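For reference, run_10.txt is printed below; it contains compact mmCIF, C-alpha atoms.
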# COMPACT_ATOMS: atom_id res chain seq x y z
CA MET X 27 -8.59 -49.14 9.15
CA ARG X 28 -8.84 -47.01 12.24
CA VAL X 29 -8.32 -43.24 12.10
CA VAL X 30 -9.24 -40.27 14.24
CA LEU X 31 -11.53 -37.95 12.30
CA ASN X 32 -12.34 -34.56 13.80
CA GLY X 33 -11.59 -35.95 17.23
CA HIS X 34 -13.66 -39.14 16.87
CA LYS X 35 -12.41 -42.68 16.34
CA GLU X 36 -13.72 -43.89 12.99
CA ILE X 37 -13.23 -46.77 10.60
CA VAL X 38 -12.50 -45.84 6.98
CA PRO X 39 -11.75 -48.08 3.97
CA ASP X 40 -8.10 -49.12 3.56
CA GLY X 41 -6.19 -46.95 1.09
CA ILE X 42 -8.85 -44.23 0.90
CA THR X 43 -7.65 -40.84 -0.33
CA VAL X 44 -8.64 -37.44 1.07
CA SER X 45 -10.89 -36.90 -1.96
CA GLY X 46 -12.44 -40.32 -1.38
CA LEU X 47 -13.12 -39.54 2.26
CA LEU X 48 -14.70 -36.16 1.49
CA ASP X 49 -16.84 -37.75 -1.20
CA GLN X 50 -17.93 -40.54 1.16
CA ARG X 51 -18.98 -37.93 3.72
CA GLY X 52 -20.81 -35.73 1.21
CA ILE X 53 -18.40 -32.82 1.70
CA GLU X 54 -17.62 -30.37 -1.09
CA PRO X 55 -13.81 -30.13 -1.17
CA ILE X 56 -13.91 -26.37 -1.82
CA ARG X 57 -15.67 -25.76 1.50
CA VAL X 58 -13.05 -27.34 3.74
CA ALA X 59 -9.39 -27.34 4.63
CA VAL X 60 -7.82 -30.65 5.65
CA GLU X 61 -5.01 -31.55 8.01
CA ILE X 62 -3.41 -34.95 8.51
CA ASN X 63 -1.36 -35.28 11.69
CA GLU X 64 -1.29 -31.49 11.98
CA ASP X 65 0.09 -30.95 8.47
CA ILE X 66 -2.08 -29.17 5.93
CA VAL X 67 -3.01 -31.20 2.89
CA ARG X 68 -2.93 -28.87 -0.10
CA ARG X 69 -6.17 -28.90 -2.03
CA ARG X 70 -4.50 -29.85 -5.31
CA THR X 71 -3.17 -33.02 -3.68
CA PHE X 72 -6.52 -34.26 -2.26
CA ASP X 73 -6.83 -36.83 -5.06
CA GLU X 74 -3.48 -38.49 -4.48
CA THR X 75 -3.12 -38.10 -0.69
CA VAL X 76 -3.69 -41.52 0.84
CA ILE X 77 -4.87 -41.86 4.45
CA HIS X 78 -3.02 -44.34 6.67
CA GLU X 79 -3.98 -46.41 9.70
CA GLY X 80 -3.88 -44.27 12.84
CA ASP X 81 -3.88 -40.91 11.04
CA CYS X 82 -5.40 -37.94 12.82
CA ILE X 83 -7.52 -36.11 10.27
CA GLU X 84 -9.07 -32.71 10.73
CA ILE X 85 -11.67 -31.37 8.32
CA ALA X 86 -12.26 -27.69 8.99
CA THR X 87 -14.69 -25.12 7.66
CA PHE X 88 -15.82 -21.58 8.42
CA VAL X 89 -18.45 -20.63 10.97
CA GLY X 90 -19.75 -17.25 12.09
CA GLY X 91 -17.33 -15.39 14.33
CA GLY X 92 -16.11 -11.97 15.39
CA MET M 24 -13.89 16.38 3.22
CA ALA M 25 -14.55 13.16 1.40
CA GLU M 26 -11.61 10.81 1.80
CA ASN M 27 -10.30 8.25 -0.57
CA GLY M 28 -9.72 4.73 0.62
CA TYR M 29 -7.24 3.77 3.32
CA ARG M 30 -4.85 0.88 3.33
CA VAL M 31 -4.38 -2.11 5.60
CA GLY M 32 -1.30 -3.88 4.30
CA SER M 33 -1.95 -4.78 0.67
CA PHE M 34 -5.70 -4.15 1.02
CA GLU M 35 -7.56 -0.93 0.31
CA PHE M 36 -11.02 -0.12 1.63
CA SER M 37 -13.39 2.81 1.91
CA SER M 38 -15.55 1.49 4.78
CA ARG M 39 -13.81 1.67 8.15
CA LEU M 40 -16.08 -0.83 9.83
CA PHE M 41 -15.09 -4.50 10.10
CA VAL M 42 -18.07 -6.65 11.07
CA GLY M 43 -18.17 -10.12 12.62
CA THR M 44 -20.54 -12.86 11.49
CA GLY M 45 -21.19 -14.60 14.83
CA LYS M 46 -24.20 -14.68 17.16
CA TYR M 47 -26.92 -13.72 14.65
CA ASP M 48 -30.28 -15.45 15.07
CA SER M 49 -30.14 -16.54 11.43
CA PHE M 50 -27.87 -16.31 8.40
CA GLY M 51 -30.58 -14.21 6.72
CA LEU M 52 -30.36 -11.63 9.50
CA MET M 53 -26.57 -11.71 9.35
CA LYS M 54 -26.70 -10.93 5.64
CA GLU M 55 -29.07 -8.00 6.14
CA CYS M 56 -26.91 -6.59 8.94
CA LEU M 57 -23.75 -6.81 6.87
CA GLU M 58 -25.51 -4.94 4.07
CA ALA M 59 -26.86 -2.29 6.45
CA SER M 60 -23.41 -1.75 7.96
CA ASP M 61 -21.82 -0.92 4.57
CA THR M 62 -18.85 -3.07 5.60
CA GLN M 63 -16.38 -4.50 3.12
CA VAL M 64 -14.59 -6.77 5.58
CA VAL M 65 -16.27 -9.58 7.49
CA THR M 66 -14.65 -11.85 10.05
CA VAL M 67 -15.23 -15.59 10.32
CA ALA M 68 -13.96 -18.36 12.58
CA ILE M 69 -12.69 -21.79 11.57
CA ARG M 70 -13.93 -24.96 13.26
CA ARG M 71 -14.21 -28.71 12.75
CA ASP M 72 -16.79 -29.40 10.07
CA VAL M 73 -19.96 -31.13 11.25
CA LEU M 74 -19.79 -34.68 9.90
CA THR M 75 -23.22 -36.13 9.31
CA PRO M 76 -23.96 -39.85 8.92
CA ASP M 77 -24.41 -41.17 5.38
CA GLY M 78 -27.35 -39.73 3.52
CA GLU M 79 -28.18 -37.15 6.18
CA ALA M 80 -28.30 -33.52 5.06
CA LYS M 81 -25.54 -31.26 6.29
CA PRO M 82 -26.55 -28.25 8.40
CA GLU M 83 -26.61 -24.83 6.73
CA SER M 84 -23.20 -23.28 6.29
CA ILE M 85 -22.18 -19.64 6.47
CA LEU M 86 -20.61 -20.27 3.07
CA ASP M 87 -24.14 -20.55 1.63
CA HIS M 88 -24.82 -16.99 2.74
CA LEU M 89 -21.60 -15.02 2.46
CA ASP M 90 -21.01 -13.25 -0.85
CA MET M 91 -17.38 -14.06 -1.61
CA GLN M 92 -17.32 -11.52 -4.45
CA ARG M 93 -18.57 -8.67 -2.27
CA TYR M 94 -16.67 -9.13 0.97
CA THR M 95 -13.05 -9.59 1.88
CA VAL M 96 -13.11 -12.33 4.49
CA LEU M 97 -10.89 -11.81 7.53
CA PRO M 98 -10.45 -15.18 9.24
CA ASN M 99 -9.84 -15.04 12.97
CA THR M 100 -8.08 -17.42 15.32
CA ALA M 101 -10.74 -16.98 18.00
CA GLY M 102 -10.89 -19.73 20.54
CA CYS M 103 -7.12 -20.34 20.41
CA PHE M 104 -5.38 -20.23 23.77
CA THR M 105 -1.87 -21.04 22.58
CA ALA M 106 0.36 -19.63 19.86
CA LYS M 107 0.57 -23.10 18.31
CA ASP M 108 -3.20 -23.46 17.94
CA ALA M 109 -3.54 -19.96 16.54
CA ILE M 110 -0.84 -20.60 13.93
CA ARG M 111 -2.54 -23.85 12.93
CA SER M 112 -5.90 -22.12 12.67
CA ALA M 113 -4.46 -19.30 10.55
CA ARG M 114 -2.89 -21.73 8.10
CA LEU M 115 -6.11 -23.73 7.71
CA SER M 116 -8.04 -20.52 7.04
CA ARG M 117 -5.53 -19.45 4.42
CA GLU M 118 -5.93 -22.78 2.66
CA LEU M 119 -9.72 -22.49 2.73
CA LEU M 120 -9.88 -18.91 1.47
CA ASP M 121 -7.31 -19.68 -1.19
CA GLY M 122 -9.58 -22.42 -2.53
CA LEU M 123 -12.58 -20.09 -2.40
CA GLY M 124 -10.67 -17.45 -4.36
CA ASN M 125 -11.17 -14.78 -1.69
CA PRO M 126 -8.43 -12.15 -1.20
CA GLY M 127 -8.68 -12.76 2.55
CA ALA M 128 -6.35 -15.75 2.04
CA ASN M 129 -3.48 -13.31 2.53
CA TRP M 130 -4.32 -12.10 6.03
CA VAL M 131 -5.52 -13.15 9.44
CA LYS M 132 -6.95 -11.59 12.57
CA LEU M 133 -4.72 -13.12 15.18
CA GLU M 134 -6.15 -13.79 18.62
CA VAL M 135 -4.21 -15.75 21.23
CA LEU M 136 -6.39 -15.64 24.30
CA ALA M 137 -5.38 -16.05 27.92
CA ASP M 138 -8.51 -17.33 29.65
CA LYS M 139 -12.17 -18.02 29.02
CA LYS M 140 -13.50 -15.62 31.63
CA THR M 141 -12.04 -12.42 30.20
CA LEU M 142 -11.01 -13.60 26.71
CA LEU M 143 -8.17 -11.12 27.13
CA PRO M 144 -5.16 -11.65 24.87
CA ASP M 145 -2.17 -13.55 26.19
CA PRO M 146 0.56 -11.01 25.41
CA ILE M 147 3.44 -13.49 25.22
CA GLY M 148 1.63 -16.01 23.02
CA THR M 149 0.30 -13.20 20.86
CA LEU M 150 3.80 -11.89 20.19
CA GLU M 151 5.14 -15.40 19.43
CA ALA M 152 2.32 -16.17 17.01
CA THR M 153 2.67 -12.78 15.30
CA GLU M 154 6.36 -13.47 14.64
CA ALA M 155 5.65 -16.95 13.29
CA LEU M 156 2.80 -15.94 11.00
CA VAL M 157 4.69 -12.94 9.62
CA LYS M 158 7.48 -15.39 8.72
CA ASP M 159 4.78 -17.48 7.07
CA ASP M 160 4.04 -14.53 4.71
CA LEU M 161 0.65 -13.75 6.16
CA GLU M 162 -0.45 -10.18 6.78
CA VAL M 163 -1.17 -10.32 10.47
CA LEU M 164 -3.74 -8.08 12.16
CA THR M 165 -3.05 -8.67 15.82
CA TYR M 166 -5.65 -8.37 18.58
CA SER M 167 -3.97 -6.88 21.62
CA THR M 168 -4.61 -5.37 25.01
CA ASP M 169 -4.59 -1.57 24.98
CA ASP M 170 -1.00 -1.52 26.26
CA PRO M 171 0.99 0.91 24.11
CA ILE M 172 4.30 -0.87 24.75
CA LEU M 173 2.96 -4.27 23.74
CA CYS M 174 1.26 -2.72 20.69
CA LYS M 175 4.61 -1.26 19.63
CA ARG M 176 6.34 -4.62 20.14
CA LEU M 177 3.72 -6.30 17.95
CA LYS M 178 4.25 -3.71 15.23
CA ASP M 179 8.02 -4.24 15.49
CA ALA M 180 7.41 -7.99 15.12
CA GLY M 181 5.87 -7.26 11.72
CA ALA M 182 2.13 -7.01 12.41
CA THR M 183 0.38 -5.37 9.45
CA SER M 184 -2.05 -3.77 11.88
CA VAL M 185 -2.39 -3.81 15.65
CA MET M 186 -5.91 -4.01 17.05
CA PRO M 187 -6.07 -2.76 20.61
CA LEU M 188 -9.22 -3.68 22.51
CA GLY M 189 -11.82 -1.19 23.68
CA SER M 190 -12.90 -3.63 26.41
CA PRO M 191 -13.27 -7.44 26.66
CA ILE M 192 -14.82 -9.26 23.68
CA GLY M 193 -18.61 -9.16 23.68
CA SER M 194 -18.72 -7.18 26.95
CA GLY M 195 -20.32 -4.06 25.50
CA GLN M 196 -18.34 -1.93 27.94
CA GLY M 197 -17.16 0.42 25.20
CA ILE M 198 -13.79 2.18 25.18
CA LEU M 199 -12.70 1.72 28.79
CA ASN M 200 -9.37 3.50 28.56
CA PRO M 201 -9.37 6.19 25.89
CA ALA M 202 -6.08 7.57 27.25
CA ASN M 203 -4.38 4.23 26.53
CA ILE M 204 -5.91 3.97 23.06
CA GLN M 205 -4.53 7.44 22.40
CA LEU M 206 -1.06 6.32 23.55
CA CYS M 207 -1.31 3.19 21.38
CA LEU M 208 -2.15 5.40 18.40
CA GLU M 209 0.71 7.75 19.20
CA TYR M 210 3.29 4.96 19.51
CA LEU M 211 2.07 3.00 16.49
CA LYS M 212 1.80 6.00 14.17
CA GLU M 213 4.97 7.79 15.23
CA GLY M 214 6.84 8.54 11.98
CA ASP M 215 4.37 6.24 10.21
CA PRO M 216 1.02 8.09 10.19
CA ASP M 217 -0.65 5.67 7.77
CA TYR M 218 0.03 2.60 9.93
CA PRO M 219 -3.47 1.14 10.37
CA VAL M 220 -4.83 0.80 13.89
CA ILE M 221 -8.22 -0.87 14.25
CA VAL M 222 -9.98 -0.80 17.62
CA ASP M 223 -11.42 -4.25 18.19
CA ALA M 224 -13.88 -5.59 20.75
CA GLY M 225 -16.12 -4.28 23.48
CA VAL M 226 -18.31 -1.97 21.40
CA GLY M 227 -21.77 -1.71 22.98
CA THR M 228 -23.40 1.01 20.91
CA ALA M 229 -22.75 3.57 18.19
CA SER M 230 -21.16 6.21 20.43
CA ASP M 231 -18.40 3.73 21.36
CA VAL M 232 -17.49 3.49 17.68
CA ALA M 233 -17.55 7.27 17.32
CA ILE M 234 -15.24 7.66 20.34
CA ALA M 235 -12.70 5.18 18.93
CA MET M 236 -12.72 6.98 15.59
CA GLU M 237 -12.50 10.45 17.21
CA LEU M 238 -9.37 9.30 19.01
CA GLY M 239 -7.81 8.65 15.59
CA ALA M 240 -8.32 4.94 15.01
CA ASP M 241 -8.40 3.95 11.34
CA GLY M 242 -11.30 1.59 11.84
CA VAL M 243 -13.37 -0.41 14.30
CA LEU M 244 -14.10 -4.13 14.38
CA LEU M 245 -17.24 -5.29 16.14
CA ASN M 246 -19.73 -8.16 16.20
CA THR M 247 -21.88 -8.46 19.33
CA GLY M 248 -22.75 -4.74 19.32
CA ILE M 249 -24.81 -5.40 16.19
CA ALA M 250 -25.79 -9.06 16.58
CA GLY M 251 -26.92 -8.61 20.19
CA ALA M 252 -28.90 -5.38 19.68
CA LYS M 253 -32.69 -5.41 20.02
CA ASN M 254 -32.87 -4.39 16.36
CA PRO M 255 -29.64 -5.60 14.78
CA ILE M 256 -30.31 -4.08 11.34
CA GLY M 257 -31.02 -0.66 12.88
CA MET M 258 -27.85 -0.92 14.97
CA ALA M 259 -25.83 -1.89 11.89
CA ARG M 260 -26.96 1.36 10.24
CA ALA M 261 -26.12 3.28 13.41
CA MET M 262 -22.61 1.79 13.45
CA ALA M 263 -22.10 2.77 9.81
CA HIS M 264 -23.04 6.37 10.63
CA ALA M 265 -20.95 6.38 13.81
CA VAL M 266 -17.79 5.31 12.05
CA GLU M 267 -18.29 8.11 9.50
CA ALA M 268 -19.19 10.70 12.15
CA GLY M 269 -16.23 9.79 14.33
CA ARG M 270 -13.78 9.86 11.45
CA LEU M 271 -15.02 13.24 10.24
CA ALA M 272 -14.86 14.64 13.78
CA PHE M 273 -11.28 13.38 14.13
CA LEU M 274 -10.25 15.01 10.84
CA SER M 275 -12.06 18.21 11.75
CA GLY M 276 -10.47 18.56 15.19
CA ARG M 277 -12.38 18.67 18.45
CA ILE M 278 -12.21 21.80 20.61
CA PRO M 279 -10.10 21.66 23.77
CA ARG M 280 -11.90 20.92 27.02
CA LYS M 281 -12.17 24.04 29.16
CA ARG M 282 -12.93 24.37 32.84
CA TYR M 283 -15.42 27.21 32.50
CA ALA M 284 -18.18 28.17 30.11
CA SER M 285 -17.60 30.18 26.98
CA ALA M 286 -20.79 31.80 25.68
CA SER M 287 -21.76 31.11 22.11
CA SER M 288 -24.00 34.20 21.95
CA PRO M 289 -22.46 37.64 22.53
CA LEU M 290 -22.84 38.99 26.09
CA GLU M 291 -22.83 42.58 24.80
CA GLY M 292 -26.14 44.24 23.88
CA THR M 293 -28.32 42.29 26.27
CA PHE M 294 -31.29 44.11 27.84
CA THR M 295 -30.21 44.12 31.48
CA PRO M 296 -30.20 46.11 33.60
CA THR M 297 -33.46 47.45 32.19
CA THR M 298 -33.20 51.21 31.58
CA GLN M 299 -36.01 53.09 33.41
CA PRO M 300 -37.74 56.01 31.57
CA VAL M 301 -36.55 59.37 32.99

Final structure tokens representation of the file:
Amino acid sequence: MRVVLNGHKEIVPDGITVSGLLDQRGIEPIRVAVEINEDIVRRRTFDETVIHEGDCIEIATFVGGG
Amino acid sequence: MAENGYRVGSFEFSSRLFVGTGKYDSFGLMKECLEASDTQVVTVAIRRDVLTPDGEAKPESILDHLDMQRYTVLPNTAGCFTAKDAIRSARLSRELLDGLGNPGANWVKLEVLADKKTLLPDPIGTLEATEALVKDDLEVLTYSTDDPILCKRLKDAGATSVMPLGSPIGSGQGILNPANIQLCLEYLKEGDPDYPVIVDAGVGTASDVAIAMELGADGVLLNTGIAGAKNPIGMARAMAHAVEAGRLAFLSGRIPRKRYASASSPLEGTFTPTTQPV
């Protein structure tokens, strides 16, 4: 199914969860915060949060800054 | 005259220097500078993670190099030009720091910027976002222009600390309007002397830090002044000394400025005019 991931159009497997997506991308869940359609997905719900067609997903992490 | 710690909201620190983690040539250098600065609070920004294709190694992350046990992380909302974006950014940072078990999950350095040329704060958006994030139970440290009236309004809106600017971010112009910083301090600390005021942005060298502290600021936040120096580690040490020197000078009380000289050595008993033998 089609989603927008960090601003890019991407295809992800139907019914994938947030945990599944992070795993597929080699991302350690502890190092990111996730939003779907501008709502924060709480870390403890990563395993059961299912991504839907057309969702806008943001995966954010820290970078150096002042 | 050794002081105990000072408080910023629910946090207590001894070091009065907040140091940014941007613009270093390497994470190794960043780490050494943070150590040399004696800071306890480091700022970070939040951005989209770099997504690499399958099997490709991810680039180094600041999280590989930042000691989460040693530092309280202060996430900023840098790069946000609307209240909405800043609020979103602050919430994402809280979620991240919460997962990492860092106490910085409870606070945010709020920046709502007006334009890319000056990176000056947008006063209206800044006030809106402060109100919203305070309602959201975050301790909000708000970056502001050095306008005493706006600073007071931000405090009234519930900001845990107001951070008036010395000069534009990364400009190295120092404390451009000490008279305004003094007014900000006066208005913010009136009847509330322990209200924390941190001067943020524009520091070019150690004397700028000392000046901010001599005016009575509780702390200084800087990044480029260290990261952009010819010898960043040396400058980090200098900043650590400056913050101490300025604080001690403030507590000790500077002398008033006088129009004319006042001799330090007695004028009596000098040898002129020379007495001639009779």

Test item: chain M residues at most 6 Å from chain X, counting only C-alpha atoms, as an mmCIF file with C-alpha atoms, in the coordinates of the input:
data_model
loop_
_atom_site.group_PDB
_atom_site.id
_atom_site.type_symbol
_atom_site.label_atom_id
_atom_site.label_comp_id
_atom_site.auth_asym_id
_atom_site.auth_seq_id
_atom_site.Cartn_x
_atom_site.Cartn_y
_atom_site.Cartn_z
ATOM 1 C CA GLY M 43 -18.170 -10.120 12.620
ATOM 2 C CA THR M 44 -20.540 -12.860 11.490
ATOM 3 C CA GLY M 45 -21.190 -14.600 14.830
ATOM 4 C CA THR M 66 -14.650 -11.850 10.050
ATOM 5 C CA VAL M 67 -15.230 -15.590 10.320
ATOM 6 C CA ALA M 68 -13.960 -18.360 12.580
ATOM 7 C CA ILE M 69 -12.690 -21.790 11.570
ATOM 8 C CA ARG M 70 -13.930 -24.960 13.260
ATOM 9 C CA ARG M 71 -14.210 -28.710 12.750
ATOM 10 C CA ASP M 72 -16.790 -29.400 10.070
ATOM 11 C CA ILE M 85 -22.180 -19.640 6.470
ATOM 12 C CA LEU M 115 -6.110 -23.730 7.710
ATOM 13 C CA LEU M 119 -9.720 -22.490 2.730
ATOM 14 C CA GLY M 122 -9.580 -22.420 -2.530
ATOM 15 C CA ASN M 246 -19.730 -8.160 16.200
#

Requested in this report: For CA of Gly195 in chain M and CA of Thr183 in chain M, quote the distance in Å rounded to one decimal.
Outcome: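 These two atoms are separated by 26.2 Å.
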
Query - Pairwise distance for CA of Leu199 in chain M and CA of Ala224 in chain M, rounded to one decimal in Å - result: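 Distance between the two atoms: 10.9 Å.
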
Query raised in the report: Distance CA of Asp160 in chain M-CA of Thr95 in chain M, one decimal place?
Result: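 For CA of Asp160 in chain M relative to CA of Thr95 in chain M, the distance reads 18.0 Å.
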
Report task. Considering only C-alpha atoms, state which residue in the set M:Thr62, M:Ser285, M:Gln205, M:Thr153 is at the smallest distance from Ala240 in chain M. Result -> M:Gln205

Query raised in the report: Could you pull the residues within 12 Å of Val232 in chain M, counting only C-alpha atoms, minus those fewer than 3 positions along the same chain, as a PyMOL selection string?
Result: chain M and resi 39-41+188-189+195-198+201+221-229+235-246+248-249+258-259+261-270

Store the residues picked out above in a file with C-alpha atoms, as a compact mmCIF listing (two decimals), in the coordinates of the input.
# COMPACT_ATOMS: atom_id res chain seq x y z
CA ARG M 39 -13.81 1.67 8.15
CA LEU M 40 -16.08 -0.83 9.83
CA PHE M 41 -15.09 -4.50 10.10
CA LEU M 188 -9.22 -3.68 22.51
CA GLY M 189 -11.82 -1.19 23.68
CA GLY M 195 -20.32 -4.06 25.50
CA GLN M 196 -18.34 -1.93 27.94
CA GLY M 197 -17.16 0.42 25.20
CA ILE M 198 -13.79 2.18 25.18
CA PRO M 201 -9.37 6.19 25.89
CA ILE M 221 -8.22 -0.87 14.25
CA VAL M 222 -9.98 -0.80 17.62
CA ASP M 223 -11.42 -4.25 18.19
CA ALA M 224 -13.88 -5.59 20.75
CA GLY M 225 -16.12 -4.28 23.48
CA VAL M 226 -18.31 -1.97 21.40
CA GLY M 227 -21.77 -1.71 22.98
CA THR M 228 -23.40 1.01 20.91
CA ALA M 229 -22.75 3.57 18.19
CA ALA M 235 -12.70 5.18 18.93
CA MET M 236 -12.72 6.98 15.59
CA GLU M 237 -12.50 10.45 17.21
CA LEU M 238 -9.37 9.30 19.01
CA GLY M 239 -7.81 8.65 15.59
CA ALA M 240 -8.32 4.94 15.01
CA ASP M 241 -8.40 3.95 11.34
CA GLY M 242 -11.30 1.59 11.84
CA VAL M 243 -13.37 -0.41 14.30
CA LEU M 244 -14.10 -4.13 14.38
CA LEU M 245 -17.24 -5.29 16.14
CA ASN M 246 -19.73 -8.16 16.20
CA GLY M 248 -22.75 -4.74 19.32
CA ILE M 249 -24.81 -5.40 16.19
CA MET M 258 -27.85 -0.92 14.97
CA ALA M 259 -25.83 -1.89 11.89
CA ALA M 261 -26.12 3.28 13.41
CA MET M 262 -22.61 1.79 13.45
CA ALA M 263 -22.10 2.77 9.81
CA HIS M 264 -23.04 6.37 10.63
CA ALA M 265 -20.95 6.38 13.81
CA VAL M 266 -17.79 5.31 12.05
CA GLU M 267 -18.29 8.11 9.50
CA ALA M 268 -19.19 10.70 12.15
CA GLY M 269 -16.23 9.79 14.33
CA ARG M 270 -13.78 9.86 11.45

Report task. Please provide as an MDAnalysis selection string all residues within 9 Å of Gly41 in chain X, with the sequence filter that same-chain residues fewer than 6 positions apart are discarded (counting all atoms listed in the file). Result -> chainID X and resid 27 76:79

**Report entry** Distance query 12 Å from (2.4, -1.8, 27.3) using all atoms listed in the file, result as a PyMOL selection string
**Finding:** chain M and resi 146-147+167-177+187+203-204+206-207+210-211

Query - Exercise: Asp73 in chain X partners within 10 Å, all atoms listed in the file, chain neighbours under 5 positions left out, as an MDAnalysis selection string - result: chainID X and resid 42:46

Query raised in the report: Which of these, M:Gly51, M:Gly181, M:Gly193, M:Pro98, has the shortest distance to Asp121 in chain M once you count all atoms listed in the file?
Result: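 Checking each candidate against Asp121 in chain M, we get M:Pro98 as the closest.
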
Query raised in the report: Neighbours of Glu151 in chain M within 12 Å (all atoms listed in the file; same-chain residues fewer than 5 positions away dropped), as a list in words?
Result: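 So, after excluding close chain neighbours, the residues are Thr105, Ala106, Lys107, Asp108, Ala109, Ile110, Leu133, Glu134, Val135, Asp145, Pro146, Leu156, Val157, Lys158, Thr165, Arg176, Leu177, Ala180, Gly181 and Ala182 of chain M.
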